[in-house]
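Novice: Coordinates in start-v4.cif, mmCIF, N, CA and C atoms, are listed below.
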```
data_run
#
loop_
_atom_site.label_atom_id
_atom_site.label_comp_id
_atom_site.auth_asym_id
_atom_site.auth_seq_id
_atom_site.Cartn_x
_atom_site.Cartn_y
_atom_site.Cartn_z
N MET A 614 20.29 -0.49 11.77
CA MET A 614 19.17 -0.77 10.90
C MET A 614 17.92 -0.07 11.45
N THR A 615 17.09 0.38 10.56
CA THR A 615 15.88 1.10 10.91
C THR A 615 14.84 0.16 11.52
N ASP A 616 14.24 0.59 12.60
CA ASP A 616 13.12 -0.12 13.23
C ASP A 616 11.87 0.29 12.47
N ILE A 617 11.24 -0.66 11.74
CA ILE A 617 10.09 -0.36 10.91
C ILE A 617 8.84 -0.96 11.54
N GLY A 618 7.87 -0.10 11.82
CA GLY A 618 6.61 -0.56 12.38
C GLY A 618 5.46 -0.23 11.45
N PHE A 619 4.62 -1.22 11.21
CA PHE A 619 3.39 -1.02 10.46
C PHE A 619 2.27 -0.81 11.46
N TYR A 620 1.52 0.27 11.31
CA TYR A 620 0.48 0.65 12.24
C TYR A 620 -0.87 0.59 11.54
N HIS A 621 -1.63 -0.46 11.88
CA HIS A 621 -2.90 -0.77 11.26
C HIS A 621 -4.01 -0.01 12.00
N LEU A 622 -4.54 1.01 11.37
CA LEU A 622 -5.58 1.84 11.98
C LEU A 622 -6.93 1.16 11.83
N THR A 623 -7.49 0.72 12.96
CA THR A 623 -8.77 0.05 12.93
C THR A 623 -9.80 0.72 13.83
N ARG A 624 -9.37 1.49 14.82
CA ARG A 624 -10.29 2.09 15.77
C ARG A 624 -10.38 3.61 15.64
N SER A 625 -9.40 4.20 15.05
CA SER A 625 -9.42 5.65 14.82
C SER A 625 -8.82 5.93 13.46
N GLY A 626 -9.00 7.15 13.01
CA GLY A 626 -8.43 7.54 11.74
C GLY A 626 -7.03 8.11 11.92
N LEU A 627 -6.42 8.40 10.82
CA LEU A 627 -5.09 8.99 10.83
C LEU A 627 -5.09 10.32 11.57
N ASP A 628 -6.20 11.06 11.48
CA ASP A 628 -6.29 12.37 12.14
C ASP A 628 -6.17 12.26 13.66
N GLN A 629 -6.51 11.12 14.24
CA GLN A 629 -6.34 10.92 15.68
C GLN A 629 -5.02 10.25 16.01
N ALA A 630 -4.65 9.25 15.21
CA ALA A 630 -3.45 8.45 15.51
C ALA A 630 -2.14 9.22 15.29
N LEU A 631 -2.05 9.95 14.18
CA LEU A 631 -0.80 10.63 13.86
C LEU A 631 -0.40 11.66 14.92
N PRO A 632 -1.31 12.55 15.35
CA PRO A 632 -0.90 13.51 16.39
C PRO A 632 -0.43 12.83 17.68
N GLN A 633 -1.06 11.74 18.07
CA GLN A 633 -0.65 11.02 19.28
C GLN A 633 0.77 10.48 19.13
N LEU A 634 1.06 9.89 17.97
CA LEU A 634 2.41 9.37 17.74
C LEU A 634 3.43 10.49 17.64
N LEU A 635 3.04 11.61 17.07
CA LEU A 635 3.95 12.76 16.99
C LEU A 635 4.21 13.35 18.38
N GLN A 636 3.21 13.36 19.24
CA GLN A 636 3.42 13.82 20.62
C GLN A 636 4.44 12.93 21.33
N LYS A 637 4.34 11.62 21.13
CA LYS A 637 5.30 10.69 21.74
C LYS A 637 6.70 10.90 21.15
N THR A 638 6.75 11.20 19.87
CA THR A 638 8.03 11.48 19.22
C THR A 638 8.68 12.70 19.85
N MET A 639 7.91 13.76 20.03
CA MET A 639 8.42 14.99 20.64
C MET A 639 8.86 14.72 22.08
N ALA A 640 8.07 13.95 22.82
CA ALA A 640 8.41 13.64 24.22
C ALA A 640 9.72 12.85 24.30
N ALA A 641 10.02 12.09 23.27
CA ALA A 641 11.27 11.32 23.23
C ALA A 641 12.45 12.18 22.76
N GLY A 642 12.18 13.45 22.43
CA GLY A 642 13.25 14.34 21.98
C GLY A 642 13.69 14.08 20.55
N LYS A 643 12.82 13.51 19.74
CA LYS A 643 13.15 13.19 18.35
C LYS A 643 12.43 14.14 17.40
N ARG A 644 12.98 14.21 16.19
CA ARG A 644 12.37 15.01 15.13
C ARG A 644 11.66 14.05 14.17
N ALA A 645 10.61 14.55 13.51
CA ALA A 645 9.80 13.71 12.63
C ALA A 645 9.68 14.30 11.24
N LEU A 646 9.74 13.42 10.26
CA LEU A 646 9.39 13.75 8.89
C LEU A 646 8.13 12.95 8.58
N VAL A 647 7.06 13.64 8.21
CA VAL A 647 5.80 13.01 7.85
C VAL A 647 5.63 13.14 6.34
N VAL A 648 5.66 12.01 5.65
CA VAL A 648 5.51 12.00 4.20
C VAL A 648 4.11 11.51 3.86
N LEU A 649 3.36 12.39 3.22
CA LEU A 649 1.98 12.11 2.83
C LEU A 649 1.89 12.00 1.31
N GLY A 650 0.80 11.41 0.83
CA GLY A 650 0.68 11.11 -0.58
C GLY A 650 0.27 12.24 -1.50
N SER A 651 -0.12 13.39 -0.94
CA SER A 651 -0.53 14.51 -1.80
C SER A 651 -0.31 15.83 -1.09
N GLU A 652 -0.19 16.88 -1.90
CA GLU A 652 -0.06 18.23 -1.36
C GLU A 652 -1.31 18.61 -0.56
N GLN A 653 -2.47 18.14 -1.02
CA GLN A 653 -3.72 18.45 -0.31
C GLN A 653 -3.69 17.88 1.12
N ARG A 654 -3.19 16.66 1.28
CA ARG A 654 -3.11 16.06 2.61
C ARG A 654 -2.05 16.76 3.46
N VAL A 655 -0.97 17.19 2.86
CA VAL A 655 0.03 17.96 3.60
C VAL A 655 -0.61 19.23 4.14
N GLN A 656 -1.35 19.94 3.29
CA GLN A 656 -2.00 21.18 3.72
C GLN A 656 -3.06 20.89 4.79
N TRP A 657 -3.82 19.82 4.62
CA TRP A 657 -4.86 19.49 5.59
C TRP A 657 -4.24 19.23 6.96
N PHE A 658 -3.17 18.41 7.00
CA PHE A 658 -2.53 18.13 8.28
C PHE A 658 -1.80 19.35 8.83
N ASN A 659 -1.27 20.19 7.97
CA ASN A 659 -0.65 21.43 8.42
C ASN A 659 -1.66 22.27 9.19
N ASP A 660 -2.83 22.42 8.65
CA ASP A 660 -3.89 23.18 9.34
C ASP A 660 -4.37 22.44 10.59
N TYR A 661 -4.58 21.17 10.46
CA TYR A 661 -5.16 20.37 11.55
C TYR A 661 -4.26 20.31 12.79
N LEU A 662 -2.96 20.18 12.60
CA LEU A 662 -2.06 20.04 13.75
C LEU A 662 -2.02 21.29 14.63
N TRP A 663 -2.46 22.43 14.10
CA TRP A 663 -2.54 23.63 14.92
C TRP A 663 -3.77 23.62 15.82
N THR A 664 -4.78 22.84 15.46
CA THR A 664 -6.06 22.96 16.16
C THR A 664 -6.60 21.65 16.74
N PHE A 665 -5.92 20.53 16.56
CA PHE A 665 -6.49 19.24 16.93
C PHE A 665 -6.76 19.09 18.42
N ASP A 666 -6.00 19.80 19.26
CA ASP A 666 -6.18 19.69 20.71
C ASP A 666 -5.84 21.04 21.32
N ALA A 667 -6.81 21.64 21.98
CA ALA A 667 -6.61 22.98 22.55
C ALA A 667 -5.56 23.00 23.65
N SER A 668 -5.30 21.86 24.28
CA SER A 668 -4.33 21.81 25.38
C SER A 668 -2.95 21.35 24.92
N SER A 669 -2.74 21.22 23.63
CA SER A 669 -1.48 20.69 23.12
C SER A 669 -1.01 21.52 21.94
N TRP A 670 0.27 21.40 21.66
CA TRP A 670 0.84 22.13 20.53
C TRP A 670 1.92 21.28 19.90
N LEU A 671 1.84 21.08 18.61
CA LEU A 671 2.86 20.33 17.88
C LEU A 671 3.52 21.27 16.87
N PRO A 672 4.70 21.79 17.19
CA PRO A 672 5.38 22.69 16.25
C PRO A 672 5.75 21.94 14.98
N HIS A 673 5.38 22.51 13.85
CA HIS A 673 5.62 21.83 12.58
C HIS A 673 5.67 22.85 11.44
N GLY A 674 6.10 22.36 10.30
CA GLY A 674 6.14 23.20 9.12
C GLY A 674 6.04 22.38 7.86
N THR A 675 5.93 23.09 6.74
CA THR A 675 5.86 22.48 5.41
C THR A 675 6.76 23.28 4.48
N PRO A 676 6.97 22.80 3.27
CA PRO A 676 7.78 23.57 2.33
C PRO A 676 7.21 24.96 2.05
N LYS A 677 5.91 25.16 2.19
CA LYS A 677 5.32 26.49 1.94
C LYS A 677 5.81 27.51 2.96
N GLU A 678 6.03 27.08 4.22
CA GLU A 678 6.52 28.00 5.25
C GLU A 678 8.04 28.11 5.21
N GLY A 679 8.68 27.04 4.79
CA GLY A 679 10.14 27.02 4.72
C GLY A 679 10.80 26.86 6.08
N ASP A 680 12.10 27.04 6.12
CA ASP A 680 12.92 26.98 7.34
C ASP A 680 12.79 25.65 8.08
N ALA A 681 12.99 24.57 7.35
CA ALA A 681 12.83 23.22 7.90
C ALA A 681 13.75 22.96 9.07
N LYS A 682 14.92 23.57 9.09
CA LYS A 682 15.90 23.29 10.14
C LYS A 682 15.39 23.57 11.54
N VAL A 683 14.45 24.50 11.68
CA VAL A 683 13.92 24.84 13.00
C VAL A 683 12.63 24.10 13.34
N GLN A 684 12.18 23.25 12.44
CA GLN A 684 10.91 22.55 12.65
C GLN A 684 11.14 21.12 13.14
N PRO A 685 10.67 20.78 14.33
CA PRO A 685 10.82 19.41 14.82
C PRO A 685 9.94 18.42 14.07
N ILE A 686 8.87 18.91 13.44
CA ILE A 686 8.00 18.06 12.62
C ILE A 686 7.88 18.72 11.26
N TRP A 687 8.18 17.95 10.21
CA TRP A 687 8.13 18.47 8.86
C TRP A 687 7.14 17.62 8.06
N LEU A 688 6.18 18.28 7.42
CA LEU A 688 5.16 17.62 6.59
C LEU A 688 5.48 17.87 5.13
N ASP A 689 5.48 16.79 4.32
CA ASP A 689 5.86 16.96 2.93
C ASP A 689 5.37 15.76 2.11
N VAL A 690 5.47 15.87 0.79
CA VAL A 690 5.24 14.73 -0.10
C VAL A 690 6.58 14.09 -0.46
N SER A 691 7.65 14.74 -0.11
CA SER A 691 9.01 14.28 -0.41
C SER A 691 9.68 13.73 0.84
N ASP A 692 10.58 12.80 0.65
CA ASP A 692 11.33 12.23 1.79
C ASP A 692 12.74 12.81 1.89
N ASP A 693 12.92 14.05 1.45
CA ASP A 693 14.25 14.67 1.45
C ASP A 693 14.84 14.88 2.84
N ASN A 694 14.03 14.95 3.88
CA ASN A 694 14.45 15.11 5.27
C ASN A 694 15.23 16.40 5.54
N PRO A 695 14.67 17.55 5.22
CA PRO A 695 15.36 18.81 5.44
C PRO A 695 15.46 19.23 6.90
N ASN A 696 14.66 18.61 7.79
CA ASN A 696 14.74 18.97 9.22
C ASN A 696 15.59 17.97 10.00
N LYS A 697 16.27 17.08 9.30
CA LYS A 697 17.18 16.09 9.91
C LYS A 697 16.43 15.23 10.93
N ALA A 698 15.26 14.75 10.54
CA ALA A 698 14.42 13.91 11.40
C ALA A 698 15.05 12.55 11.62
N GLU A 699 14.83 12.01 12.82
CA GLU A 699 15.24 10.65 13.13
C GLU A 699 14.11 9.65 12.87
N PHE A 700 12.87 10.14 12.94
CA PHE A 700 11.69 9.29 12.76
C PHE A 700 10.98 9.67 11.46
N LEU A 701 10.61 8.66 10.69
CA LEU A 701 9.90 8.84 9.44
C LEU A 701 8.49 8.28 9.58
N PHE A 702 7.50 9.06 9.21
CA PHE A 702 6.10 8.63 9.21
C PHE A 702 5.61 8.63 7.77
N LEU A 703 5.06 7.50 7.35
CA LEU A 703 4.50 7.37 6.01
C LEU A 703 2.99 7.14 6.15
N ALA A 704 2.19 7.91 5.44
CA ALA A 704 0.74 7.77 5.55
C ALA A 704 0.06 8.30 4.29
N ASP A 705 -1.17 7.87 4.09
CA ASP A 705 -1.99 8.35 2.98
C ASP A 705 -1.28 8.25 1.63
N GLY A 706 -0.57 7.17 1.41
CA GLY A 706 0.12 6.97 0.15
C GLY A 706 1.51 7.56 0.08
N GLY A 707 2.00 8.12 1.16
CA GLY A 707 3.37 8.64 1.19
C GLY A 707 4.37 7.50 1.14
N THR A 708 5.44 7.68 0.38
CA THR A 708 6.45 6.63 0.23
C THR A 708 7.85 7.19 0.44
N SER A 709 8.78 6.28 0.65
CA SER A 709 10.17 6.70 0.80
C SER A 709 11.10 5.59 0.32
N ASN A 710 12.14 5.99 -0.36
CA ASN A 710 13.22 5.08 -0.74
C ASN A 710 14.41 5.24 0.21
N ARG A 711 14.22 6.02 1.29
CA ARG A 711 15.32 6.35 2.19
C ARG A 711 15.05 5.85 3.61
N ILE A 712 14.23 4.83 3.76
CA ILE A 712 13.85 4.34 5.09
C ILE A 712 15.08 4.02 5.93
N GLY A 713 16.10 3.47 5.31
CA GLY A 713 17.31 3.08 6.03
C GLY A 713 18.08 4.23 6.65
N GLU A 714 17.74 5.46 6.32
CA GLU A 714 18.43 6.63 6.87
C GLU A 714 17.82 7.11 8.19
N PHE A 715 16.76 6.46 8.65
CA PHE A 715 16.06 6.89 9.85
C PHE A 715 16.20 5.85 10.96
N GLU A 716 16.09 6.30 12.21
CA GLU A 716 16.09 5.37 13.34
C GLU A 716 14.85 4.50 13.33
N ARG A 717 13.71 5.15 13.08
CA ARG A 717 12.42 4.44 13.07
C ARG A 717 11.59 4.90 11.90
N CYS A 718 10.79 3.98 11.41
CA CYS A 718 9.81 4.29 10.38
C CYS A 718 8.46 3.79 10.86
N PHE A 719 7.46 4.65 10.76
CA PHE A 719 6.08 4.34 11.12
C PHE A 719 5.27 4.34 9.83
N ASP A 720 4.77 3.20 9.43
CA ASP A 720 3.95 3.08 8.22
C ASP A 720 2.51 2.93 8.70
N LEU A 721 1.74 4.00 8.60
CA LEU A 721 0.36 4.00 9.08
C LEU A 721 -0.60 3.79 7.91
N PHE A 722 -1.54 2.85 8.10
CA PHE A 722 -2.48 2.59 7.01
C PHE A 722 -3.88 2.31 7.56
N ASP A 723 -4.87 2.67 6.76
CA ASP A 723 -6.28 2.59 7.13
C ASP A 723 -6.77 1.16 6.96
N GLY A 724 -7.12 0.52 8.07
CA GLY A 724 -7.60 -0.85 8.03
C GLY A 724 -8.98 -1.02 7.43
N HIS A 725 -9.69 0.08 7.16
CA HIS A 725 -11.01 0.03 6.57
C HIS A 725 -10.97 0.27 5.06
N ASP A 726 -9.78 0.43 4.53
CA ASP A 726 -9.58 0.67 3.09
C ASP A 726 -8.84 -0.53 2.52
N ASP A 727 -9.54 -1.35 1.74
CA ASP A 727 -8.95 -2.58 1.21
C ASP A 727 -7.69 -2.31 0.38
N ASP A 728 -7.70 -1.22 -0.39
CA ASP A 728 -6.52 -0.89 -1.20
C ASP A 728 -5.34 -0.52 -0.31
N ALA A 729 -5.59 0.23 0.75
CA ALA A 729 -4.51 0.61 1.67
C ALA A 729 -3.93 -0.61 2.37
N VAL A 730 -4.77 -1.56 2.74
CA VAL A 730 -4.30 -2.79 3.38
C VAL A 730 -3.47 -3.60 2.39
N ALA A 731 -3.94 -3.73 1.17
CA ALA A 731 -3.19 -4.47 0.16
C ALA A 731 -1.84 -3.81 -0.12
N ASP A 732 -1.83 -2.49 -0.21
CA ASP A 732 -0.57 -1.78 -0.43
C ASP A 732 0.39 -1.99 0.74
N ALA A 733 -0.13 -1.97 1.96
CA ALA A 733 0.72 -2.19 3.15
C ALA A 733 1.31 -3.60 3.12
N ARG A 734 0.52 -4.58 2.72
CA ARG A 734 1.03 -5.96 2.61
C ARG A 734 2.17 -6.03 1.60
N GLY A 735 2.02 -5.32 0.49
CA GLY A 735 3.08 -5.29 -0.51
C GLY A 735 4.35 -4.64 0.03
N ARG A 736 4.20 -3.54 0.76
CA ARG A 736 5.38 -2.88 1.35
C ARG A 736 6.04 -3.79 2.37
N TRP A 737 5.22 -4.47 3.19
CA TRP A 737 5.75 -5.40 4.19
C TRP A 737 6.60 -6.47 3.50
N LYS A 738 6.05 -7.07 2.46
CA LYS A 738 6.76 -8.15 1.75
C LYS A 738 8.09 -7.64 1.18
N THR A 739 8.05 -6.49 0.54
CA THR A 739 9.27 -5.92 -0.06
C THR A 739 10.33 -5.63 1.00
N LEU A 740 9.92 -5.01 2.10
CA LEU A 740 10.87 -4.67 3.16
C LEU A 740 11.40 -5.93 3.86
N LYS A 741 10.55 -6.92 4.05
CA LYS A 741 10.97 -8.18 4.67
C LYS A 741 12.00 -8.87 3.79
N GLU A 742 11.73 -8.93 2.50
CA GLU A 742 12.66 -9.55 1.55
C GLU A 742 13.99 -8.81 1.50
N ALA A 743 13.97 -7.52 1.78
CA ALA A 743 15.20 -6.72 1.80
C ALA A 743 15.98 -6.91 3.09
N GLY A 744 15.42 -7.69 4.04
CA GLY A 744 16.15 -8.00 5.27
C GLY A 744 15.85 -7.11 6.45
N HIS A 745 14.86 -6.25 6.34
CA HIS A 745 14.52 -5.37 7.46
C HIS A 745 13.77 -6.13 8.55
N GLN A 746 13.96 -5.68 9.78
CA GLN A 746 13.19 -6.19 10.92
C GLN A 746 11.89 -5.38 10.98
N LEU A 747 10.77 -6.07 10.99
CA LEU A 747 9.48 -5.40 10.96
C LEU A 747 8.65 -5.75 12.17
N ALA A 748 7.79 -4.83 12.55
CA ALA A 748 6.83 -5.06 13.62
C ALA A 748 5.46 -4.63 13.11
N TYR A 749 4.45 -5.35 13.57
CA TYR A 749 3.08 -5.06 13.17
C TYR A 749 2.28 -4.68 14.40
N TRP A 750 1.69 -3.48 14.36
CA TRP A 750 0.88 -2.96 15.46
C TRP A 750 -0.53 -2.74 14.97
N GLN A 751 -1.49 -3.12 15.80
CA GLN A 751 -2.89 -2.91 15.47
C GLN A 751 -3.58 -2.23 16.63
N GLN A 752 -4.49 -1.35 16.32
CA GLN A 752 -5.24 -0.68 17.38
C GLN A 752 -6.20 -1.68 18.02
N GLY A 753 -6.13 -1.73 19.36
CA GLY A 753 -7.03 -2.60 20.11
C GLY A 753 -7.80 -1.78 21.12
N GLU A 754 -8.51 -2.47 21.97
CA GLU A 754 -9.33 -1.78 22.97
C GLU A 754 -8.50 -0.94 23.94
N ARG A 755 -7.27 -1.36 24.20
CA ARG A 755 -6.41 -0.64 25.14
C ARG A 755 -5.28 0.13 24.46
N GLY A 756 -5.42 0.40 23.20
CA GLY A 756 -4.38 1.13 22.48
C GLY A 756 -3.68 0.23 21.48
N TRP A 757 -2.44 0.58 21.17
CA TRP A 757 -1.68 -0.18 20.19
C TRP A 757 -1.27 -1.52 20.77
N GLU A 758 -1.51 -2.58 20.00
CA GLU A 758 -1.14 -3.94 20.41
C GLU A 758 -0.21 -4.52 19.37
N LYS A 759 0.95 -4.98 19.83
CA LYS A 759 1.92 -5.59 18.92
C LYS A 759 1.48 -7.02 18.64
N LYS A 760 1.41 -7.34 17.36
CA LYS A 760 0.98 -8.67 16.92
C LYS A 760 2.18 -9.45 16.42
N ALA A 761 2.08 -10.76 16.53
CA ALA A 761 3.18 -11.63 16.06
C ALA A 761 3.15 -11.78 14.57
#
```
Could you render the structure as structure tokens?

Specialist:
Amino acid sequence: MTDIGFYHLTRSGLDQALPQLLQKTMAAGKRALVVLGSEQRVQWFNDYLWTFDASSWLPHGTPKEGDAKVQPIWLDVSDDNPNKAEFLFLADGGTSNRIGEFERCFDLFDGHDDDAVADARGRWKTLKEAGHQLAYWQQGERGWEKKA
């Protein structure tokens, strides 16, 4: 069964949190599929991941570049998983009906956006009712804190 974690962004934005989680994914030797809610956000993160940290590099691609098989991180609006990712990241309205096909799912949502919080609560309820094991993480003073 997929390990599903909800990540409540309260201290930083997605632009800071996602690259950090992707770095940990790469360090664990896993591949990632990042599903975002629009083509514009896919393009924004595609550009951003090349420049977010001068001392780091996150190899990634999108459908515009193609060749998903060689990309450890794939950014898309679709959850087709062409790079055979083990970890699924959902953010900015990205959705998936294939969560059960991944080892882990990271559902990241903006805690300062009431609609995003309400949508996350709805996803939590649906996944809980479907029998999934869920974890809730919130950004705290010392990083991610798992809440009961």

Novice: Using only C-alpha atoms and a cutoff of 12 Å, can you tell me which residues are near (11.9, 13.6, -0.2) in the file's coordinates, and write them out as a list of chain:residue names?

Specialist: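 It turns out the residues near that spot are A:Leu646, A:Val647, A:Val648, A:Leu649, A:Gly650, A:Pro676, A:Trp687, A:Leu688, A:Asp689, A:Val690, A:Ser691, A:Asp692, A:Asp693, A:Asn694, A:Pro695, A:Asn696, A:Lys697, A:Ala698, A:Leu701, A:Leu703, A:Gly707, A:Thr708, A:Ser709, A:Asn710, A:Arg711, A:Ile712, A:Glu714.
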
Novice: Measuring between only N, CA and C atoms, which one of A:Ala743, A:Pro632, A:Glu716, A:Ala733 shows the shortest distance to A:Ile617?

Specialist: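 Closest candidate: A:Glu716.
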
Novice: Grab the atom N of A:Gly674 to atom CA of A:Ala645 distance for me, in Å with one decimal place.

Specialist: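 Atom-to-atom, atom N of A:Gly674 to atom CA of A:Ala645, that is 9.7 Å.
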
Novice: What box, with edges along x, y and z, holds each listed atom of stretch 667-672 of chain A when 3 Å is added on every side, and can you state its centre and edge lengths in Å to one decimal, as lines of an AutoDock Vina configuration file?

Specialist:
```
center_x = -0.5
center_y = 21.7
center_z = 20.2
size_x = 18.6
size_y = 8.7
size_z = 16.4
```

Novice: Can you pull out every residue from stretch 638-741 of chain A that DSSP, working from the backbone, puts in strand (DSSP E), and format the result as a PyMOL selection string?

Specialist: chain A and resi 645-649+686-689+700-704+717-723

Novice: List every residue of stretch 635-730 of chain A that DSSP, applied to the backbone of this structure, assigns to helix (DSSP H, G or I), and report them as a list in words.

Specialist: Leu635, Gln636, Lys637, Thr638, Met639, Ala640, Glu652, Gln653, Arg654, Val655, Gln656, Trp657, Phe658, Asn659, Asp660, Tyr661, Leu662, Trp663, Thr664, Ala681, Lys682, Val683, Ile712, Gly713, Glu714, Asp727, Asp728, Ala729 and Val730 of chain A

Novice: Using only N, CA and C atoms, which of A:Asp616, A:Glu678, A:Glu742, A:Glu754 sits nearest A:Phe715?

Specialist: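 Looking only at the distances to A:Phe715, the closest residue turns out to be A:Asp616.
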
Novice: Could you state the separation of atom CA of A:Gly626 and atom CA of A:His745 in Å, given to one decimal place?

Specialist: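 Rounded to one decimal, the two atoms are 26.7 Å apart.
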
Novice: With a distance cut-off of 8 Å and all atoms listed in the file, select the neighbouring residues of A:Gln746, excluding the residue or stretch itself and same-chain residues fewer than 5 positions from it, and output the selection as a list in words.

Specialist: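 My list of contacting residues is Met614, Thr615, Asp616, Ile617, Gly618, Leu740 and Lys741 of chain A.
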
Novice: Quick check, in Å to one decimal: how far apart do atom C of A:Lys738 and atom CA of A:Gln636 lie?

Specialist: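 Pair atom C of A:Lys738 / atom CA of A:Gln636 returns 29.3 Å.
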
Novice: With the file shown as input, list the residues that the PyMOL selection byres ((chain A and resi 673) around 6) selects, as number ranges by chain.

Specialist: A: 671-672, 674-675, 684-687

Novice: Tell me which of A:Gly713, A:Tyr661, A:Phe619, A:Arg644 sits closest to A:Gly744, counting only C-alpha atoms.

Specialist: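 Closest to A:Gly744 of all the choices is A:Gly713.
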
Novice: Find, counting all atoms listed in the file, the residue in A:Asp705, A:Arg755, A:Leu631, A:Ala667 that gets nearest to A:Arg654.

Specialist: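 Under the stated criterion, the closest residue is A:Asp705.
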
Novice: Name the closest residue to A:Lys643 among the candidates A:Gly679, A:Ala704, A:Glu699, A:Ala729; distances are taken between atoms, counting only C-alpha atoms.

Specialist: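 Checking each candidate against A:Lys643, we get A:Glu699 as the closest.
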